[in-house]
Amino acid sequence: MSIIYIVVPCYNEEQVLPETSSVLKKKLRTLIADNKISDKSRIVFVNDGSGDSTWSLIEQLASEDNIFQGIKLSRNKGHQNALLAGLMTVKDHCDAAISMDADLQDDINAIDEMIEKFEGGCDIVYGVRSERKTDTFFKKSTAQAYYKLLALMGVDIVYNHADYRLMSRRALGDLEQFREVNLFLRGIVPMIGYKTDTVYYERHERFAGESKYPLKKMLAFAMEGITSFSVKPIRFITSAGFILFVLSILMLIYFLVRHFTGHTVAGWTSLAFSVWAIGGLQLLAIGIVGEYIGKIYMETKARPKYIIEKYLHNDDK
Ligand code: UDP
Ligand code: MG
């Protein structure tokens, strides 16, 4: 029987943790009782530098029952880094790890099917939302447009899949080989390969607390997905620049002809327009190039993505 670890990043989740922990515990105990998974399976909460009582709740859980483990990051590092910290910490203790959010938005009953597919030889099983009923119209439409944009940019990504997935020990080992600092797991995991499958589930509403992804974080995350995986924006700018250059030569010939045939007019409008159009385009191009240079800069630093302050596990008690 396989040892399954469930990894849950938590940022200011004191309102949901008591419920989440008891629901997950019940789930895991049932799976153990049904002989579907090993009794060495665990639930690991990663505290991502929460400012509330999240960590003390985790400490309490871990001391009461060794099915719970806690990892405390030294400060807030963001969802993706917290998740990676958890996965990399548990990868040598489990046969497969399932990552999910703390707010129970992802249906935990999909876990059964994920484990079945894993036992059937899959290394990665993606949880995919079958519907987006509970999301606001704004979130739903922007998310859909975003997936289309990513596909257009050539980024290999699973449609409607967030970070609810099962990864085998082998796949986790490979994930470790991706040394990038700008982390967008949804884009990296499909690059690993192996036999994969999907499990469909309905996404619920966050049952307490509020989203830890305000619009600002969401936009930054969306930008991350594109600039970390695709050089198409930069290519687009290059071709636009090239076309504009060819056009300007044709225009120059036209202007010279007009000049020598004596038809010069005070073309202030077109001149002023050109200055602004080209100025704007140049700024945009510099901005995008800067985006990539910024990434190169960050990557060359090769900073650790997280620092683990504590790893709580009471197995040898
Ligand atoms: N999260 C985190 N660090 C952060 C922000 C969020 O660990 O800086 C966790 C959060 O606790 C939750 C998961 O990431 O378990 C997803 O966040 P949330 O549910 O708020 O996002 P949404 O479902 O609204 O997209
Ligand atoms: Mg959520």
# chains A, B, ... in the order shown; residues from 1 in each chain; ligands from 1

$ residues_near_ligand --ligand "ligand 1" --cutoff "6 Å" --atoms "only C-alpha atoms and all ligand atoms" --output "MDAnalysis selection string"
chainID A and resid 9:11 13 48 78:79 82 101:103 211:213

$ residues_around --residues "range 139-156 of chain A" --least-positions-apart "2" --cutoff "7 Å" --atoms "only C-alpha atoms" --output "VMD selection string"
chain A and resid 132 135 to 137 159 187 190 226 229 to 230 232

$ write_last_selection --atoms "all heavy atoms" --output "CSV table (one decimal), in the first residue's frame"
chain,number,residue,atom,x,y,z
A,132,ARG,N,-17.4,26.0,-13.2
A,132,ARG,CA,-17.0,27.1,-12.4
A,132,ARG,C,-18.2,27.9,-11.9
A,132,ARG,O,-18.2,29.1,-11.9
A,132,ARG,CB,-16.1,28.1,-13.2
A,132,ARG,CG,-14.7,27.6,-13.3
A,132,ARG,CD,-13.9,28.6,-14.2
A,132,ARG,NE,-12.4,28.3,-14.1
A,132,ARG,CZ,-11.7,29.0,-13.3
A,132,ARG,NH1,-12.1,29.9,-12.5
A,132,ARG,NH2,-10.4,28.7,-13.3
A,135,ASP,N,-17.6,30.5,-9.0
A,135,ASP,CA,-16.7,31.6,-9.2
A,135,ASP,C,-17.6,32.8,-9.7
A,135,ASP,O,-18.6,32.6,-10.4
A,135,ASP,CB,-15.6,31.3,-10.3
A,135,ASP,CG,-14.5,30.6,-9.6
A,135,ASP,OD1,-14.4,30.6,-8.4
A,135,ASP,OD2,-13.6,30.0,-10.4
A,136,THR,N,-17.1,34.0,-9.4
A,136,THR,CA,-17.8,35.2,-10.0
A,136,THR,C,-17.6,35.3,-11.5
A,136,THR,O,-16.7,34.6,-12.0
A,136,THR,CB,-17.2,36.5,-9.3
A,136,THR,OG1,-15.9,36.5,-9.7
A,136,THR,CG2,-17.4,36.5,-7.8
A,137,PHE,N,-18.5,36.0,-12.1
A,137,PHE,CA,-18.4,36.1,-13.6
A,137,PHE,C,-17.1,36.6,-14.0
A,137,PHE,O,-16.5,36.2,-14.9
A,137,PHE,CB,-19.6,37.0,-14.1
A,137,PHE,CG,-19.5,37.3,-15.6
A,137,PHE,CD1,-19.8,36.3,-16.5
A,137,PHE,CD2,-19.0,38.5,-16.0
A,137,PHE,CE1,-19.7,36.5,-17.9
A,137,PHE,CE2,-18.9,38.7,-17.4
A,137,PHE,CZ,-19.2,37.8,-18.3
A,159,TYR,N,-6.0,22.8,-18.9
A,159,TYR,CA,-7.1,23.7,-18.8
A,159,TYR,C,-7.9,23.5,-17.5
A,159,TYR,O,-8.3,22.4,-17.2
A,159,TYR,CB,-8.0,23.5,-20.1
A,159,TYR,CG,-9.1,24.6,-20.2
A,159,TYR,CD1,-8.8,25.9,-20.5
A,159,TYR,CD2,-10.5,24.2,-20.0
A,159,TYR,CE1,-9.8,26.8,-20.6
A,159,TYR,CE2,-11.5,25.2,-20.1
A,159,TYR,CZ,-11.1,26.5,-20.4
A,159,TYR,OH,-12.1,27.4,-20.5
A,187,GLY,N,2.8,25.4,-15.0
A,187,GLY,CA,3.5,25.4,-16.2
A,187,GLY,C,4.6,24.4,-16.2
A,187,GLY,O,5.0,23.8,-17.2
A,190,PRO,N,3.6,20.0,-16.2
A,190,PRO,CA,3.4,19.3,-17.5
A,190,PRO,C,4.7,19.0,-18.2
A,190,PRO,O,4.8,18.1,-19.1
A,190,PRO,CB,2.5,20.2,-18.3
A,190,PRO,CG,1.8,21.0,-17.3
A,190,PRO,CD,2.8,21.2,-16.2
A,226,ILE,N,3.1,33.8,-18.1
A,226,ILE,CA,3.5,34.1,-19.5
A,226,ILE,C,5.0,34.3,-19.6
A,226,ILE,O,5.7,33.7,-20.4
A,226,ILE,CB,2.7,35.3,-20.1
A,226,ILE,CG1,1.3,35.0,-20.1
A,226,ILE,CG2,3.3,35.7,-21.4
A,226,ILE,CD1,0.4,36.1,-20.4
A,229,PHE,N,7.5,31.4,-19.2
A,229,PHE,CA,7.5,30.2,-20.1
A,229,PHE,C,7.6,30.5,-21.6
A,229,PHE,O,7.7,29.6,-22.4
A,229,PHE,CB,6.3,29.4,-19.8
A,229,PHE,CG,6.4,28.7,-18.6
A,229,PHE,CD1,5.8,29.2,-17.4
A,229,PHE,CD2,7.0,27.5,-18.5
A,229,PHE,CE1,5.9,28.6,-16.2
A,229,PHE,CE2,7.2,26.8,-17.3
A,229,PHE,CZ,6.6,27.4,-16.1
A,230,SER,N,7.4,31.8,-21.9
A,230,SER,CA,7.2,32.1,-23.4
A,230,SER,C,8.0,33.3,-23.8
A,230,SER,O,8.1,34.3,-23.0
A,230,SER,CB,5.7,32.3,-23.6
A,230,SER,OG,5.6,32.8,-24.9
A,232,LYS,N,7.4,34.5,-26.7
A,232,LYS,CA,6.6,35.0,-27.8
A,232,LYS,C,6.3,36.5,-27.8
A,232,LYS,O,6.3,37.2,-28.8
A,232,LYS,CB,5.2,34.2,-28.0
A,232,LYS,CG,5.5,32.9,-28.7
A,232,LYS,CD,4.2,32.4,-29.3
A,232,LYS,CE,4.6,31.1,-30.0
A,232,LYS,NZ,3.4,30.3,-30.4

$ residues_around --residues "Thr134 in chain A" --least-positions-apart "3" --cutoff "8 Å" --atoms "only C-alpha atoms" --output "MDAnalysis selection string"
chainID A and resid 203:205

$ write_last_selection --atoms "C-alpha atoms" --output "compact mmCIF listing (two decimals), in the first residue's frame"
# COMPACT_ATOMS: atom_id res chain seq x y z
CA ARG A 203 -15.15 23.42 -7.20
CA HIS A 204 -16.95 24.67 -4.12
CA GLU A 205 -17.03 28.07 -2.56

$ closest_residue --among "A:Ile32, A:Ala162, A:Leu281, A:Ile6" --to "ligand 2" --atoms "only C-alpha atoms and all ligand atoms"
A:Ala162

$ atom_distance --atom1 "CA of Tyr201 in chain A" --atom2 "CA of Leu166 in chain A"
14.0 Å

$ closest_residue --among "A:Ala277, A:Leu283, A:Leu250, A:Met100" --to "ligand 2" --atoms "only C-alpha atoms and all ligand atoms"
A:Met100

$ closest_residue --among "A:Ile115, A:Ile157, A:Ile296, A:Leu312" --to "Ile43 in chain A" --atoms "only C-alpha atoms"
A:Leu312

$ residues_around --residues "Tyr5 in chain A" --least-positions-apart "2" --cutoff "12 Å" --atoms "only C-alpha atoms" --output "short mmCIF file (atom, residue, chain, number, x, y, z; two decimals) with all heavy atoms, in the first residue's frame"
data_model
loop_
_atom_site.label_atom_id
_atom_site.label_comp_id
_atom_site.auth_asym_id
_atom_site.auth_seq_id
_atom_site.Cartn_x
_atom_site.Cartn_y
_atom_site.Cartn_z
N SER A 2 0.41 2.22 -0.70
CA SER A 2 1.23 3.42 -0.87
C SER A 2 1.07 4.39 0.30
O SER A 2 0.00 4.49 0.89
CB SER A 2 0.82 4.15 -2.15
OG SER A 2 0.77 3.25 -3.22
N ILE A 3 2.17 5.07 0.55
CA ILE A 3 2.13 6.14 1.55
C ILE A 3 1.78 7.43 0.81
O ILE A 3 2.48 7.83 -0.11
CB ILE A 3 3.50 6.29 2.24
CG1 ILE A 3 3.90 4.96 2.88
CG2 ILE A 3 3.47 7.42 3.25
CD1 ILE A 3 5.30 4.96 3.45
N VAL A 7 -0.39 17.73 1.04
CA VAL A 7 0.34 18.96 1.36
C VAL A 7 -0.58 20.17 1.18
O VAL A 7 -1.16 20.36 0.11
CB VAL A 7 1.59 19.09 0.47
CG1 VAL A 7 2.33 20.39 0.76
CG2 VAL A 7 2.52 17.90 0.67
N VAL A 8 -0.71 20.95 2.24
CA VAL A 8 -1.66 22.07 2.23
C VAL A 8 -0.96 23.37 2.63
O VAL A 8 -0.59 23.55 3.79
CB VAL A 8 -2.82 21.81 3.22
CG1 VAL A 8 -3.89 22.88 3.09
CG2 VAL A 8 -3.41 20.42 3.04
N LEU A 24 -10.03 16.44 6.51
CA LEU A 24 -8.94 15.71 5.87
C LEU A 24 -8.56 14.47 6.68
O LEU A 24 -8.27 13.41 6.13
CB LEU A 24 -7.73 16.62 5.68
CG LEU A 24 -7.78 17.57 4.49
CD1 LEU A 24 -6.54 18.44 4.45
CD2 LEU A 24 -7.92 16.79 3.18
N LYS A 25 -8.57 14.64 7.99
CA LYS A 25 -8.22 13.53 8.87
C LYS A 25 -9.21 12.38 8.70
O LYS A 25 -8.83 11.22 8.56
CB LYS A 25 -8.22 14.01 10.32
CG LYS A 25 -7.88 12.96 11.34
CD LYS A 25 -7.73 13.62 12.69
CE LYS A 25 -8.05 12.68 13.83
NZ LYS A 25 -7.89 13.36 15.13
N LEU A 28 -8.55 10.66 5.39
CA LEU A 28 -7.36 9.80 5.38
C LEU A 28 -7.59 8.54 6.22
O LEU A 28 -7.21 7.44 5.81
CB LEU A 28 -6.18 10.60 5.92
CG LEU A 28 -4.89 10.46 5.11
CD1 LEU A 28 -5.11 10.90 3.69
CD2 LEU A 28 -3.75 11.24 5.73
N ILE A 37 -4.72 2.99 1.39
CA ILE A 37 -3.40 3.63 1.55
C ILE A 37 -2.76 3.14 2.84
O ILE A 37 -3.44 2.60 3.71
CB ILE A 37 -3.50 5.18 1.55
CG1 ILE A 37 -4.39 5.66 2.69
CG2 ILE A 37 -4.00 5.70 0.21
CD1 ILE A 37 -4.43 7.17 2.83
N SER A 38 -1.47 3.37 2.95
CA SER A 38 -0.73 2.92 4.13
C SER A 38 -1.08 3.78 5.35
O SER A 38 -1.44 4.95 5.23
CB SER A 38 0.76 3.02 3.83
OG SER A 38 1.47 3.24 5.01
N ASP A 39 -0.94 3.20 6.54
CA ASP A 39 -1.21 3.99 7.75
C ASP A 39 -0.07 4.95 8.06
O ASP A 39 -0.10 5.67 9.05
CB ASP A 39 -1.53 3.08 8.94
CG ASP A 39 -0.38 2.15 9.27
OD1 ASP A 39 0.64 2.20 8.54
OD2 ASP A 39 -0.50 1.38 10.23
N LYS A 40 0.95 4.96 7.20
CA LYS A 40 2.03 5.95 7.36
C LYS A 40 1.70 7.24 6.61
O LYS A 40 2.52 8.15 6.55
CB LYS A 40 3.35 5.37 6.86
CG LYS A 40 3.90 4.27 7.74
CD LYS A 40 5.39 4.07 7.45
CE LYS A 40 5.96 2.86 8.16
NZ LYS A 40 5.50 1.58 7.57
N SER A 41 0.53 7.31 6.00
CA SER A 41 0.13 8.51 5.25
C SER A 41 -0.08 9.68 6.22
O SER A 41 -0.48 9.48 7.36
CB SER A 41 -1.15 8.23 4.48
OG SER A 41 -0.93 7.20 3.56
N ARG A 42 0.18 10.87 5.72
CA ARG A 42 0.14 12.05 6.60
C ARG A 42 -0.50 13.26 5.91
O ARG A 42 -0.60 13.32 4.69
CB ARG A 42 1.57 12.46 7.00
CG ARG A 42 2.34 11.43 7.80
CD ARG A 42 1.85 11.36 9.24
NE ARG A 42 2.55 10.34 10.00
CZ ARG A 42 2.10 9.10 10.19
NH1 ARG A 42 0.94 8.73 9.67
NH2 ARG A 42 2.79 8.23 10.89
N ILE A 43 -0.89 14.22 6.75
CA ILE A 43 -1.38 15.52 6.26
C ILE A 43 -0.37 16.58 6.72
O ILE A 43 -0.08 16.67 7.90
CB ILE A 43 -2.76 15.83 6.86
CG1 ILE A 43 -3.77 14.75 6.46
CG2 ILE A 43 -3.25 17.21 6.41
CD1 ILE A 43 -4.97 14.67 7.38
N VAL A 44 0.16 17.32 5.77
CA VAL A 44 1.20 18.29 6.10
C VAL A 44 0.73 19.71 5.81
O VAL A 44 0.40 20.06 4.69
CB VAL A 44 2.48 18.02 5.27
CG1 VAL A 44 3.61 18.91 5.74
CG2 VAL A 44 2.88 16.56 5.36
N PHE A 45 0.69 20.53 6.84
CA PHE A 45 0.31 21.93 6.66
C PHE A 45 1.57 22.78 6.58
O PHE A 45 2.47 22.66 7.43
CB PHE A 45 -0.54 22.41 7.83
CG PHE A 45 -1.90 21.76 7.89
CD1 PHE A 45 -2.21 20.84 8.89
CD2 PHE A 45 -2.86 22.05 6.93
CE1 PHE A 45 -3.46 20.23 8.93
CE2 PHE A 45 -4.11 21.45 6.97
CZ PHE A 45 -4.42 20.54 7.97
N ILE A 67 -0.85 12.06 12.68
CA ILE A 67 -1.26 12.08 11.27
C ILE A 67 -1.00 13.48 10.70
O ILE A 67 -0.84 13.66 9.49
CB ILE A 67 -2.74 11.67 11.11
CG1 ILE A 67 -3.00 11.22 9.66
CG2 ILE A 67 -3.69 12.80 11.49
CD1 ILE A 67 -4.30 10.50 9.47
N PHE A 68 -0.92 14.47 11.58
CA PHE A 68 -0.67 15.86 11.15
C PHE A 68 0.80 16.21 11.29
O PHE A 68 1.43 15.87 12.29
CB PHE A 68 -1.48 16.84 11.99
CG PHE A 68 -2.95 16.75 11.77
CD1 PHE A 68 -3.79 16.38 12.81
CD2 PHE A 68 -3.51 17.03 10.53
CE1 PHE A 68 -5.16 16.29 12.61
CE2 PHE A 68 -4.88 16.94 10.34
CZ PHE A 68 -5.71 16.57 11.38
N GLN A 69 1.31 16.91 10.29
CA GLN A 69 2.66 17.45 10.38
C GLN A 69 2.60 18.92 10.02
O GLN A 69 1.67 19.36 9.36
CB GLN A 69 3.60 16.74 9.39
CG GLN A 69 3.70 15.24 9.65
CD GLN A 69 4.77 14.58 8.81
OE1 GLN A 69 5.22 15.14 7.82
NE2 GLN A 69 5.19 13.40 9.22
N GLY A 86 6.67 22.43 0.83
CA GLY A 86 6.00 21.25 1.38
C GLY A 86 6.33 20.00 0.59
O GLY A 86 6.72 18.98 1.16
N LEU A 87 6.20 20.10 -0.72
CA LEU A 87 6.42 18.92 -1.57
C LEU A 87 7.85 18.41 -1.45
O LEU A 87 8.09 17.21 -1.35
CB LEU A 87 6.10 19.25 -3.03
CG LEU A 87 4.63 19.52 -3.35
CD1 LEU A 87 4.46 19.95 -4.80
CD2 LEU A 87 3.77 18.29 -3.06
N MET A 88 8.82 19.34 -1.45
CA MET A 88 10.22 18.93 -1.40
C MET A 88 10.58 18.36 -0.03
O MET A 88 11.47 17.53 0.09
CB MET A 88 11.13 20.12 -1.75
CG MET A 88 11.05 20.53 -3.21
SD MET A 88 11.40 19.17 -4.34
CE MET A 88 9.87 19.00 -5.22
N THR A 89 9.89 18.81 1.00
CA THR A 89 10.17 18.29 2.33
C THR A 89 9.66 16.85 2.49
O THR A 89 10.30 16.02 3.12
CB THR A 89 9.50 19.17 3.40
OG1 THR A 89 9.89 20.52 3.18
CG2 THR A 89 9.90 18.76 4.81
N VAL A 90 8.51 16.56 1.87
CA VAL A 90 7.91 15.24 2.09
C VAL A 90 8.32 14.20 1.05
O VAL A 90 8.07 13.02 1.21
CB VAL A 90 6.36 15.31 2.12
CG1 VAL A 90 5.91 16.34 3.15
CG2 VAL A 90 5.77 15.62 0.75
N LYS A 91 8.97 14.65 -0.03
CA LYS A 91 9.12 13.74 -1.18
C LYS A 91 9.86 12.43 -0.88
O LYS A 91 9.62 11.43 -1.54
CB LYS A 91 9.75 14.48 -2.36
CG LYS A 91 11.24 14.70 -2.25
CD LYS A 91 11.75 15.30 -3.53
CE LYS A 91 13.16 15.80 -3.44
NZ LYS A 91 14.14 14.98 -2.74
N ASP A 92 10.73 12.44 0.12
CA ASP A 92 11.45 11.22 0.42
C ASP A 92 10.75 10.34 1.44
O ASP A 92 11.23 9.28 1.81
CB ASP A 92 12.87 11.54 0.89
CG ASP A 92 13.67 12.21 -0.22
OD1 ASP A 92 13.45 11.85 -1.39
OD2 ASP A 92 14.48 13.10 0.09
N HIS A 93 9.61 10.81 1.94
CA HIS A 93 8.88 10.03 2.94
C HIS A 93 7.63 9.37 2.39
O HIS A 93 6.99 8.59 3.06
CB HIS A 93 8.48 10.94 4.12
CG HIS A 93 9.62 11.71 4.69
ND1 HIS A 93 10.61 11.11 5.43
CD2 HIS A 93 9.97 13.02 4.59
CE1 HIS A 93 11.49 12.03 5.79
NE2 HIS A 93 11.14 13.19 5.28
N CYS A 94 7.26 9.74 1.16
CA CYS A 94 5.98 9.24 0.66
C CYS A 94 6.16 8.59 -0.71
O CYS A 94 7.19 8.72 -1.35
CB CYS A 94 4.99 10.40 0.55
SG CYS A 94 5.47 11.65 -0.63
N ASP A 95 5.11 7.88 -1.15
CA ASP A 95 5.10 7.32 -2.50
C ASP A 95 4.48 8.31 -3.47
O ASP A 95 4.80 8.34 -4.65
CB ASP A 95 4.31 6.02 -2.52
CG ASP A 95 4.99 4.96 -1.66
OD1 ASP A 95 6.20 4.78 -1.82
OD2 ASP A 95 4.30 4.34 -0.82
N ALA A 96 3.55 9.11 -2.94
CA ALA A 96 2.94 10.16 -3.75
C ALA A 96 2.43 11.26 -2.83
O ALA A 96 2.08 11.01 -1.68
CB ALA A 96 1.78 9.60 -4.57
N ALA A 97 2.43 12.50 -3.35
CA ALA A 97 1.93 13.63 -2.57
C ALA A 97 0.80 14.30 -3.33
O ALA A 97 0.86 14.44 -4.55
CB ALA A 97 3.05 14.63 -2.31
N ILE A 98 -0.23 14.68 -2.59
CA ILE A 98 -1.35 15.41 -3.20
C ILE A 98 -1.32 16.82 -2.65
O ILE A 98 -1.26 17.02 -1.44
CB ILE A 98 -2.70 14.74 -2.84
CG1 ILE A 98 -2.76 13.32 -3.42
CG2 ILE A 98 -3.87 15.58 -3.35
CD1 ILE A 98 -3.97 12.52 -2.99
N SER A 99 -1.34 17.82 -3.53
CA SER A 99 -1.36 19.19 -3.06
C SER A 99 -2.76 19.75 -3.18
O SER A 99 -3.46 19.48 -4.15
CB SER A 99 -0.38 20.04 -3.88
OG SER A 99 -0.63 19.88 -5.25
N MET A 100 -3.19 20.48 -2.17
CA MET A 100 -4.51 21.12 -2.25
C MET A 100 -4.56 22.37 -1.39
O MET A 100 -3.71 22.57 -0.52
CB MET A 100 -5.61 20.14 -1.87
CG MET A 100 -5.58 19.65 -0.44
SD MET A 100 -6.82 18.35 -0.18
CE MET A 100 -8.31 19.20 -0.59
N ILE A 111 -9.82 12.64 -4.22
CA ILE A 111 -8.59 11.98 -3.77
C ILE A 111 -8.63 10.48 -4.08
O ILE A 111 -7.65 9.90 -4.56
CB ILE A 111 -8.37 12.22 -2.26
CG1 ILE A 111 -8.01 13.69 -2.02
CG2 ILE A 111 -7.27 11.31 -1.72
CD1 ILE A 111 -7.80 14.05 -0.57
N ILE A 115 -5.83 8.47 -6.28
CA ILE A 115 -5.03 7.36 -5.78
C ILE A 115 -5.19 6.13 -6.67
O ILE A 115 -4.22 5.45 -7.00
CB ILE A 115 -5.38 7.06 -4.31
CG1 ILE A 115 -4.91 8.22 -3.44
CG2 ILE A 115 -4.74 5.76 -3.85
CD1 ILE A 115 -5.44 8.22 -2.04
N ARG A 165 -3.36 18.44 -7.31
CA ARG A 165 -2.84 17.34 -8.12
C ARG A 165 -2.07 16.33 -7.28
O ARG A 165 -1.63 16.64 -6.18
CB ARG A 165 -1.93 17.89 -9.22
CG ARG A 165 -0.58 18.38 -8.76
CD ARG A 165 0.28 18.82 -9.92
NE ARG A 165 -0.01 20.18 -10.34
CZ ARG A 165 0.47 21.26 -9.74
NH1 ARG A 165 1.23 21.17 -8.68
NH2 ARG A 165 0.17 22.46 -10.17
N LEU A 166 -1.96 15.15 -7.84
CA LEU A 166 -1.14 14.11 -7.20
C LEU A 166 0.14 13.97 -8.00
O LEU A 166 0.12 13.98 -9.24
CB LEU A 166 -1.90 12.78 -7.18
CG LEU A 166 -1.14 11.55 -6.62
CD1 LEU A 166 -2.13 10.62 -5.92
CD2 LEU A 166 -0.40 10.78 -7.70
N MET A 167 1.26 13.88 -7.29
CA MET A 167 2.53 13.64 -7.96
C MET A 167 3.25 12.48 -7.28
O MET A 167 3.31 12.42 -6.05
CB MET A 167 3.42 14.89 -7.91
CG MET A 167 2.91 16.02 -8.79
SD MET A 167 3.95 17.47 -8.66
CE MET A 167 5.31 16.99 -9.73
N SER A 168 3.80 11.57 -8.08
CA SER A 168 4.52 10.43 -7.51
C SER A 168 5.86 10.91 -6.99
O SER A 168 6.33 12.01 -7.31
CB SER A 168 4.74 9.38 -8.59
OG SER A 168 5.67 9.87 -9.52
N ARG A 169 6.48 10.07 -6.19
CA ARG A 169 7.79 10.37 -5.64
C ARG A 169 8.80 10.67 -6.76
O ARG A 169 9.60 11.61 -6.66
CB ARG A 169 8.24 9.15 -4.85
CG ARG A 169 9.51 9.31 -4.11
CD ARG A 169 9.94 7.95 -3.60
NE ARG A 169 11.05 8.11 -2.71
CZ ARG A 169 11.09 7.62 -1.47
NH1 ARG A 169 10.07 6.95 -1.00
NH2 ARG A 169 12.13 7.80 -0.71
#

$ select_by_dssp --residues "range 13-71 of chain A" --states "helix (DSSP H, G or I)" --output "number ranges by chain"
A: 17-33, 54-64

$ select_by_dssp --residues "range 88-282 of chain A" --states "strand (DSSP E)" --output "VMD selection string"
chain A and resid 96 to 99 124 to 131 161 to 168 196 to 202
